[in-house]
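The file work.txt contains compact mmCIF, C-alpha atoms:
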# COMPACT_ATOMS: atom_id res chain seq x y z
CA MET A 1 28.67 -5.92 -102.02
CA LYS A 2 30.47 -8.44 -99.83
CA ASN A 3 31.19 -5.64 -97.33
CA ILE A 4 27.53 -4.70 -97.20
CA GLN A 5 26.62 -8.34 -96.49
CA LYS A 6 29.25 -8.50 -93.74
CA ILE A 7 27.94 -5.30 -92.16
CA ALA A 8 24.36 -6.58 -92.41
CA LEU A 9 25.32 -9.87 -90.80
CA PHE A 10 27.12 -7.96 -88.04
CA ILE A 11 24.22 -5.59 -87.36
CA LEU A 12 21.38 -8.11 -87.62
CA PRO A 13 21.91 -9.86 -84.26
CA PHE A 14 21.97 -6.48 -82.49
CA CYS A 15 18.75 -5.44 -84.20
CA PHE A 16 17.14 -8.67 -83.02
CA LEU A 17 18.54 -8.22 -79.53
CA PHE A 18 17.19 -4.68 -79.18
CA SER A 19 13.82 -5.46 -80.75
CA SER A 20 13.26 -8.40 -78.39
CA ALA A 21 14.44 -6.37 -75.42
CA LYS A 22 11.97 -3.64 -76.34
CA SER A 23 9.11 -6.11 -76.41
CA THR A 24 9.85 -7.43 -72.91
CA LEU A 25 10.55 -4.12 -71.21
CA ILE A 26 7.23 -2.72 -70.07
CA ASP A 27 7.06 0.32 -67.84
CA THR A 28 5.65 -0.05 -64.36
CA THR A 29 3.36 2.84 -63.42
CA ILE A 30 4.22 4.03 -59.93
CA LEU A 31 1.26 5.66 -58.19
CA HIS A 32 3.00 6.32 -54.89
CA SER A 33 6.43 5.64 -53.39
CA ARG A 34 8.13 6.48 -50.11
CA SER A 35 11.55 5.53 -48.75
CA GLU A 36 13.37 6.18 -45.51
CA ALA A 37 17.17 6.04 -45.19
CA GLY A 38 17.38 4.35 -48.57
CA ARG A 39 14.93 1.66 -47.53
CA LEU A 40 11.58 1.28 -49.28
CA GLN A 41 8.66 1.89 -46.92
CA SER A 42 5.79 1.85 -49.35
CA LYS A 43 5.25 1.62 -53.08
CA ILE A 44 1.94 1.48 -54.91
CA TYR A 45 2.17 0.56 -58.57
CA VAL A 46 0.28 -0.85 -61.53
CA SER A 47 1.85 -4.20 -62.31
CA PRO A 48 2.68 -4.69 -65.99
CA ASP A 49 2.93 -8.45 -65.55
CA LYS A 50 -0.08 -10.63 -66.35
CA ASP A 51 1.69 -13.50 -64.59
CA ASP A 52 2.32 -11.45 -61.47
CA TRP A 53 2.34 -13.75 -58.40
CA HIS A 54 0.01 -11.35 -56.60
CA TYR A 55 -2.87 -12.62 -58.75
CA ASP A 56 -2.26 -16.16 -57.47
CA SER A 57 -2.00 -14.93 -53.92
CA LEU A 58 -5.33 -13.09 -54.21
CA LYS A 59 -6.97 -16.27 -55.48
CA SER A 60 -5.39 -18.68 -53.04
CA PHE A 61 -7.80 -18.19 -50.17
CA ASN A 62 -10.30 -20.84 -51.04
CA SER A 63 -8.78 -24.16 -51.97
CA THR A 64 -11.82 -26.09 -50.73
CA TYR A 65 -14.13 -24.60 -53.30
CA GLN A 66 -11.83 -24.14 -56.28
CA ASP A 67 -14.19 -26.07 -58.49
CA GLU A 68 -13.58 -25.10 -62.11
CA ASN A 69 -17.10 -26.22 -63.04
CA ALA A 70 -18.81 -24.22 -60.31
CA GLN A 71 -21.68 -22.20 -61.75
CA PHE A 72 -22.61 -18.65 -60.78
CA PRO A 73 -22.79 -17.57 -58.09
CA PHE A 74 -20.86 -20.45 -56.52
CA GLY A 75 -17.11 -20.14 -56.46
CA SER A 76 -14.61 -17.58 -55.22
CA TRP A 77 -14.91 -13.83 -55.55
CA VAL A 78 -12.47 -11.02 -54.88
CA GLU A 79 -13.25 -7.36 -54.34
CA LEU A 80 -12.53 -5.28 -57.44
CA LYS A 81 -11.58 -1.60 -57.42
CA ILE A 82 -12.16 1.34 -59.73
CA TYR A 83 -9.42 3.84 -60.50
CA ARG A 84 -9.86 6.54 -63.13
CA ASN A 85 -12.99 4.81 -64.41
CA LYS A 86 -11.19 1.52 -65.02
CA TYR A 87 -11.54 -1.74 -63.13
CA TYR A 88 -8.47 -2.97 -61.25
CA ALA A 89 -7.60 -5.97 -59.14
CA TYR A 90 -5.93 -4.72 -55.96
CA TYR A 91 -3.31 -6.32 -53.76
CA PRO A 92 -3.50 -4.34 -50.51
CA CYS A 93 -0.81 -3.62 -47.96
CA ASP A 94 -2.89 -5.72 -45.56
CA LEU A 95 -5.00 -8.48 -47.11
CA GLY A 96 -7.46 -7.97 -44.28
CA ASN A 97 -8.51 -4.78 -46.00
CA LEU A 98 -9.85 -6.60 -49.04
CA ARG A 99 -13.14 -8.44 -49.01
CA ARG A 100 -13.24 -11.89 -50.54
CA PHE A 101 -16.12 -14.35 -50.74
CA ALA A 102 -16.25 -18.12 -51.09
CA ILE A 103 -19.67 -19.52 -51.88
CA SER A 104 -20.54 -23.18 -51.97
CA LYS A 105 -23.92 -24.89 -51.68
CA ASN A 106 -23.89 -24.79 -47.87
CA SER A 107 -21.40 -22.12 -46.93
CA PHE A 108 -21.04 -18.40 -47.54
CA LYS A 109 -17.60 -17.37 -46.34
CA VAL A 110 -16.64 -13.72 -46.03
CA LEU A 111 -12.91 -13.15 -45.67
CA ARG A 112 -11.47 -9.91 -44.33
CA ALA A 113 -8.97 -9.70 -41.48
CA GLU A 114 -10.98 -12.59 -40.12
CA THR A 115 -13.14 -15.18 -41.82
CA ASP A 116 -16.88 -15.36 -41.22
CA ASP A 117 -17.93 -18.87 -42.11
CA ASN A 118 -21.67 -18.36 -42.55
CA ARG A 119 -24.05 -21.24 -43.06
CA ILE A 120 -26.50 -20.91 -45.95
CA VAL A 121 -29.97 -21.40 -44.49
CA SER A 122 -31.75 -21.02 -47.83
CA SER A 123 -31.08 -19.66 -51.29
CA LYS A 124 -33.27 -18.47 -54.16
CA ARG A 125 -32.71 -17.57 -57.79
CA LEU A 126 -34.54 -14.27 -58.16
CA SER A 127 -33.68 -13.92 -61.86
CA ASN A 128 -30.92 -14.99 -64.23
CA TRP A 129 -28.68 -12.37 -62.67
CA LYS A 130 -29.90 -12.20 -59.11
CA PHE A 131 -29.47 -14.72 -56.30
CA SER A 132 -30.58 -14.36 -52.72
CA PHE A 133 -28.99 -16.13 -49.74
CA ASP A 134 -30.29 -16.26 -46.19
CA ILE A 135 -27.18 -16.87 -44.14
CA GLU A 136 -26.37 -17.37 -40.48
CA ASP A 137 -23.19 -16.68 -38.55
CA PRO A 138 -22.64 -19.73 -36.30
CA TYR A 139 -21.42 -17.56 -33.41
CA GLU A 140 -24.03 -14.83 -33.57
CA SER A 141 -27.00 -17.07 -34.47
CA LYS A 142 -28.24 -14.03 -36.35
CA LYS A 143 -29.68 -14.43 -39.82
CA ARG A 144 -29.16 -11.93 -42.59
CA THR A 145 -29.81 -11.77 -46.31
CA VAL A 146 -27.25 -11.31 -49.02
CA ILE A 147 -28.20 -10.64 -52.65
CA PHE A 148 -25.74 -11.48 -55.37
CA HIS A 149 -26.15 -9.38 -58.53
CA ILE A 150 -24.33 -10.70 -61.59
CA ILE A 151 -23.60 -7.63 -63.71
CA ASP A 152 -21.38 -9.12 -66.42
CA SER A 153 -20.93 -12.87 -66.56
CA LYS A 154 -18.32 -12.82 -69.35
CA ARG A 155 -16.11 -10.51 -67.36
CA GLY A 156 -16.97 -12.26 -64.09
CA LEU A 157 -18.39 -9.13 -62.46
CA ALA A 158 -20.93 -9.09 -59.64
CA ILE A 159 -22.12 -6.97 -56.74
CA VAL A 160 -22.67 -8.43 -53.28
CA GLU A 161 -25.47 -6.64 -51.43
CA ASN A 162 -25.82 -6.93 -47.66
CA VAL A 163 -29.53 -6.28 -47.17
CA GLY A 164 -30.28 -3.78 -44.39
CA GLU A 165 -26.75 -2.40 -44.23
CA LYS A 166 -25.56 1.10 -45.14
CA GLN A 167 -22.56 1.97 -47.24
CA PRO A 168 -19.66 1.19 -47.11
CA TYR A 169 -20.89 -2.15 -45.77
CA LYS A 170 -23.90 -2.57 -48.08
CA TYR A 171 -22.36 -3.20 -51.51
CA THR A 172 -19.10 -4.75 -52.66
CA LEU A 173 -18.03 -4.96 -56.30
CA VAL A 174 -16.41 -8.35 -56.91
CA VAL A 175 -14.85 -10.40 -59.68
CA ASN A 176 -14.88 -14.16 -59.99
CA THR A 177 -11.35 -15.44 -59.37
CA LYS A 178 -11.43 -17.28 -62.73
CA GLU A 179 -11.59 -13.90 -64.48
CA LEU A 180 -9.23 -12.02 -62.17
CA ARG A 181 -6.34 -11.87 -64.63
CA GLN A 182 -8.49 -9.98 -67.14
CA TYR A 183 -8.01 -6.93 -64.98
CA PRO A 184 -4.86 -4.89 -64.49
CA LEU A 185 -3.39 -5.12 -61.01
CA ILE A 186 -2.51 -2.40 -58.53
CA VAL A 187 -0.10 -3.57 -55.83
CA ASN A 188 0.41 -1.82 -52.50
CA GLU A 189 3.85 -3.05 -51.50
CA CYS A 190 4.61 -2.02 -47.93
CA SER A 191 7.30 -2.96 -45.47
CA MET A 192 4.91 -2.47 -42.55
CA LYS A 193 1.22 -1.93 -42.03
CA ASP A 194 0.18 1.21 -43.93
CA SER A 195 -2.80 3.08 -45.32
CA GLU A 196 -4.45 1.58 -48.36
CA PHE A 197 -4.74 3.27 -51.74
CA ARG A 198 -7.88 5.38 -52.10
CA PHE A 199 -10.11 4.28 -54.96
CA MET A 200 -13.27 5.72 -56.49
CA SER A 201 -16.53 4.44 -55.06
CA PRO A 202 -18.43 2.46 -57.73
CA ASN A 203 -21.80 3.76 -58.91
CA TYR A 204 -23.68 0.68 -57.77
CA ALA A 205 -27.11 1.91 -58.89
CA SER A 206 -25.87 2.29 -62.43
CA LEU A 207 -24.07 -1.06 -62.40
CA MET A 208 -27.16 -2.88 -61.17
CA LYS A 209 -29.60 -1.61 -63.80
CA THR A 210 -32.18 -4.32 -64.19
CA ASP A 211 -32.76 -3.70 -67.89
CA SER A 212 -31.87 -6.98 -69.59
CA ALA A 213 -30.64 -5.03 -72.62
CA HIS A 214 -28.07 -3.27 -70.48
CA PRO A 215 -24.71 -3.56 -72.25
CA LEU A 216 -23.10 -5.01 -69.14
CA ARG A 217 -25.44 -8.02 -69.16
CA ASN A 218 -23.70 -10.44 -71.46
CA MET B 1 1.45 -16.15 -29.13
CA LYS B 2 3.22 -19.38 -29.93
CA GLY B 3 1.26 -22.28 -28.49
CA TYR B 4 -1.84 -20.14 -28.13
CA TYR B 5 -4.62 -18.88 -30.37
CA PRO B 6 -7.53 -16.47 -29.81
CA ALA B 7 -11.13 -17.59 -29.46
CA PRO B 8 -13.32 -16.84 -32.48
CA ARG B 9 -15.33 -13.66 -32.58
CA ASN B 10 -18.67 -13.69 -30.77
CA THR B 11 -18.04 -16.87 -28.81
CA ALA B 12 -20.15 -16.44 -25.68
CA GLY B 13 -18.01 -16.03 -22.56
CA GLN B 14 -14.79 -15.93 -24.61
CA TYR B 15 -15.16 -12.62 -26.40
CA TRP B 16 -15.82 -9.14 -25.08
CA GLN B 17 -16.81 -6.24 -27.34
CA LEU B 18 -15.68 -3.11 -25.47
CA ARG B 19 -16.56 -0.51 -28.11
CA ASP B 20 -18.69 -0.32 -31.22
CA SER B 21 -18.09 1.28 -34.62
CA SER B 22 -18.85 4.77 -33.31
CA SER B 23 -16.48 4.22 -30.37
CA THR B 24 -19.26 3.98 -27.79
CA VAL B 25 -17.91 2.21 -24.71
CA PHE B 26 -19.78 -0.74 -23.16
CA SER B 27 -18.54 -0.27 -19.62
CA THR B 28 -19.84 -3.49 -18.02
CA VAL B 29 -18.42 -5.65 -20.80
CA ALA B 30 -15.19 -3.65 -20.73
CA ARG B 31 -14.72 -4.39 -17.03
CA GLN B 32 -15.39 -8.09 -17.64
CA GLY B 33 -12.86 -8.13 -20.46
CA VAL B 34 -10.22 -6.41 -18.37
CA ALA B 35 -10.85 -8.80 -15.48
CA TYR B 36 -10.18 -11.65 -17.89
CA ILE B 37 -6.95 -10.01 -19.10
CA VAL B 38 -5.66 -9.59 -15.54
CA GLY B 39 -6.39 -13.23 -14.70
CA ALA B 40 -4.79 -14.53 -17.90
CA LEU B 41 -1.62 -12.46 -17.51
CA GLN B 42 -1.26 -13.62 -13.89
CA GLN B 43 -1.15 -17.15 -15.33
CA GLY B 44 1.50 -16.07 -17.84
CA THR B 45 -0.96 -16.28 -20.74
CA PRO B 46 -0.86 -13.56 -23.42
CA VAL B 47 -4.14 -12.05 -24.64
CA MET B 48 -5.00 -10.77 -28.10
CA VAL B 49 -7.09 -7.60 -28.26
CA GLY B 50 -8.53 -5.63 -31.15
CA VAL B 51 -7.88 -1.88 -31.33
CA GLN B 52 -9.25 1.12 -33.18
CA TYR B 53 -6.91 3.90 -34.27
CA HIS B 54 -8.94 6.12 -36.55
CA THR B 55 -12.42 7.57 -36.74
CA GLY B 56 -14.88 6.85 -39.52
CA THR B 57 -15.63 3.44 -40.97
CA HIS B 58 -13.69 0.32 -40.10
CA LEU B 59 -13.90 -2.04 -43.02
CA SER B 60 -11.47 -4.79 -42.28
CA ASN B 61 -13.22 -6.55 -39.42
CA ALA B 62 -16.70 -7.91 -38.95
CA ASP B 63 -17.34 -5.95 -35.74
CA LYS B 64 -16.97 -2.73 -37.83
CA ALA B 65 -14.95 -1.27 -34.96
CA THR B 66 -11.51 -2.88 -35.09
CA ASP B 67 -8.59 -1.71 -37.22
CA HIS B 68 -5.75 -3.81 -35.89
CA PHE B 69 -4.80 -6.53 -33.39
CA ILE B 70 -2.07 -6.55 -30.76
CA VAL B 71 -1.00 -8.94 -28.00
CA LEU B 72 -0.98 -8.04 -24.31
CA VAL B 73 1.99 -9.59 -22.54
CA GLY B 74 2.29 -7.90 -19.15
CA ALA B 75 0.87 -5.45 -16.64
CA GLY B 76 2.16 -2.82 -14.28
CA VAL B 77 1.66 0.48 -12.49
CA ASP B 78 3.60 3.53 -13.67
CA ALA B 79 5.25 6.25 -11.59
CA ASP B 80 1.94 8.19 -11.47
CA GLY B 81 0.11 5.19 -10.10
CA LYS B 82 -1.70 4.48 -13.36
CA LYS B 83 -2.45 0.84 -14.27
CA TYR B 84 -1.30 -0.34 -17.64
CA PHE B 85 -0.91 -3.41 -19.83
CA SER B 86 2.20 -3.88 -21.99
CA PHE B 87 1.79 -5.10 -25.54
CA TYR B 88 3.64 -6.37 -28.59
CA ASP B 89 2.73 -4.75 -31.89
CA ASN B 90 3.42 -6.30 -35.27
CA ALA B 91 2.94 -2.97 -37.09
CA ALA B 92 6.57 -2.17 -36.30
CA ASN B 93 9.24 -1.83 -38.93
CA TYR B 94 12.70 -3.35 -39.20
CA LYS B 95 13.61 -1.77 -35.85
CA LEU B 96 11.38 -4.47 -34.40
CA ALA B 97 12.87 -4.75 -30.94
CA ALA B 98 12.84 -0.99 -30.51
CA GLU B 99 9.26 -0.58 -31.67
CA GLY B 100 7.17 -3.74 -31.63
CA ALA B 101 8.36 -4.86 -28.22
CA ASN B 102 9.06 -1.43 -26.78
CA ASP B 103 8.41 -1.37 -23.04
CA GLN B 104 6.56 1.91 -23.51
CA ASN B 105 3.92 0.13 -25.62
CA ARG B 106 1.27 0.51 -22.96
CA LEU B 107 -2.51 0.53 -22.77
CA TYR B 108 -3.79 2.41 -19.72
CA TRP B 109 -6.86 1.24 -17.89
CA ASN B 110 -9.20 3.99 -16.71
CA GLU B 111 -11.52 2.53 -14.09
CA THR B 112 -13.90 5.51 -14.18
CA THR B 113 -14.51 5.58 -17.94
CA ALA B 114 -13.94 1.84 -18.41
CA THR B 115 -11.55 2.57 -21.27
CA LEU B 116 -8.33 0.83 -22.20
CA GLU B 117 -6.19 3.12 -24.37
CA GLY B 118 -2.61 4.03 -25.16
CA ALA B 119 -0.04 4.88 -27.79
CA THR B 120 2.12 2.44 -29.68
CA LYS B 121 5.78 2.97 -30.52
CA ALA B 122 5.27 1.07 -33.77
CA THR B 123 5.56 3.58 -36.59
CA TYR B 124 3.77 1.68 -39.31
CA SER B 125 4.93 2.25 -42.86
CA ASP B 126 4.16 5.95 -42.86
CA ASN B 127 6.40 6.70 -39.84
CA TYR B 128 3.50 7.83 -37.67
CA THR B 129 2.56 6.17 -34.43
CA ARG B 130 -1.07 5.50 -33.53
CA PHE B 131 -3.18 5.92 -30.43
CA TYR B 132 -5.06 2.72 -29.74
CA LYS B 133 -8.49 2.27 -28.17
CA VAL B 134 -9.30 -1.32 -27.32
CA THR B 135 -12.44 -2.55 -29.05
CA GLN B 136 -12.48 -6.26 -28.26
CA VAL B 137 -10.82 -8.85 -26.05
CA ARG B 138 -10.39 -12.48 -27.09
CA LYS B 139 -10.04 -15.31 -24.65
CA THR B 140 -6.78 -17.16 -25.23
CA ARG B 141 -6.92 -20.85 -26.09
CA LYS B 142 -4.04 -23.31 -25.94
CA HIS B 143 -3.08 -25.56 -28.83

Mind converting the file's structure to structure tokens?
Amino acid sequence: MKNIQKIALFILPFCFLFSSAKSTLIDTTILHSRSEAGRLQSKIYVSPDKDDWHYDSLKSFNSTYQDENAQFPFGSWVELKIYRNKYYAYYPCDLGNLRRFAISKNSFKVLRAETDDNRIVSSKRLSNWKFSFDIEDPYESKKRTVIFHIIDSKRGLAIVENVGEKQPYKYTLVVNTKELRQYPLIVNECSMKDSEFRFMSPNYASLMKTDSAHPLRN
Amino acid sequence: MKGYYPAPRNTAGQYWQLRDSSSTVFSTVARQGVAYIVGALQQGTPVMVGVQYHTGTHLSNADKATDHFIVLVGAGVDADGKKYFSFYDNAANYKLAAEGANDQNRLYWNETTATLEGATKATYSDNYTRFYKVTQVRKTRKH
């Protein structure tokens, strides 16, 4: 009996060690990888880490308007992607290839490779889920209208519509930065400028169904 | 471009849009832009230009025409008598000096077609070089 106890006491720490190791080791899903002469050129992967620093980097563009109490549609928004019918946050090879929006009472910023700091000329609440902004680029002095469609407030999802534009410039699926970590993250890690990962195009018509009973309208 | 920065997009007199999203060339504007480049380089001032390197849509920039930016740092005439501008390209890899600042990084100016085009030695991450067509010229400002 004493021997059994000794063996149990000997084995127990190892069992604990392996069980805890198992719980922290999560596989990274590699979607694409390329190396040259043993040096990584490009790797696209699904990050298993909810605390991944890329989330913070994606959100860090808008310190001026990081107001935790900001109500829809004010606040910061980041383009969201769809891959195999699931929503993903995406950290591109070049951040200029991702659209991000920062909306305050007077300013409607669009961030791509460059930042368009548009002035809000007027805004209207068209419904509980729809907001219209007449905006003006200070350099172009040209007004245009942007409609913000909230499609799921609990999950922070919205669609930005550039009125009068054609796809791919007309609609952008976005997520509020406060809800960004809800979504798994695809990272395009590249050593130099490279092509971005190709995602599915969202079905915007379906996402914007106006029926208030639509399951996405929470 | 240490000590310098480019003028914002669409600043009158400080920005020249040479091509649009479908690669149509605006020849008068292109000539004005190139005249500015020549004058700036003669003063030793580098000039940032936007370039297009693929067909189709160009999502990353507001002019819907530009894919990438490079910096013009010099000018010359090659052995065939063709005028060119030399550029630095940050899409180079770890062989930076051999690619990003390669002296064969040249954009050739065609007076007849009013086009400024050329290949880069930068290989990007996929080990392919690109052929650049200049879409916009930004006036250089000093800090």

Could you write out as JSON, numbers by chain the residues of chain B within 7 Å of chain A, counting all atoms listed in the file? {"B": [10, 11, 59, 60, 61, 91, 92, 93, 124, 125, 126]}

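In this model, the gap between atom CA of A:Ala102 and atom CA of A:Gly75 comes to 5.8 Å.
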
With only C-alpha atoms as the counted atoms, please give the residues lying no more than 9 Å from B:Gly74, apart from itself and same-chain residues fewer than 2 positions off, as a PDB file with C-alpha atoms, in the coordinates of the input.
ATOM      1  CA  VAL B  38      -5.660  -9.590 -15.540  1.00  0.00           C
ATOM      2  CA  LEU B  41      -1.620 -12.460 -17.510  1.00  0.00           C
ATOM      3  CA  GLN B  42      -1.260 -13.620 -13.890  1.00  0.00           C
ATOM      4  CA  GLY B  44       1.500 -16.070 -17.840  1.00  0.00           C
ATOM      5  CA  PRO B  46      -0.860 -13.560 -23.420  1.00  0.00           C
ATOM      6  CA  LEU B  72      -0.980  -8.040 -24.310  1.00  0.00           C
ATOM      7  CA  GLY B  76       2.160  -2.820 -14.280  1.00  0.00           C
ATOM      8  CA  TYR B  84      -1.300  -0.340 -17.640  1.00  0.00           C
ATOM      9  CA  PHE B  85      -0.910  -3.410 -19.830  1.00  0.00           C
ATOM     10  CA  SER B  86       2.200  -3.880 -21.990  1.00  0.00           C
ATOM     11  CA  PHE B  87       1.790  -5.100 -25.540  1.00  0.00           C
TER      12      PHE B  87
END

Quick check, in Å to one decimal: how far apart do atom CA of B:Phe69 and atom CA of B:Gly50 lie? 4.4 Å

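Take the candidates A:Pro202, A:Pro73, A:Pro48, A:Gly156 and check each one against A:Thr172 using all atoms listed in the file; the shortest distance goes to A:Pro202.
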
Computed interatomic separation between atom CA of A:Leu207 and atom CA of A:Ile159 (Å): 8.4 Å
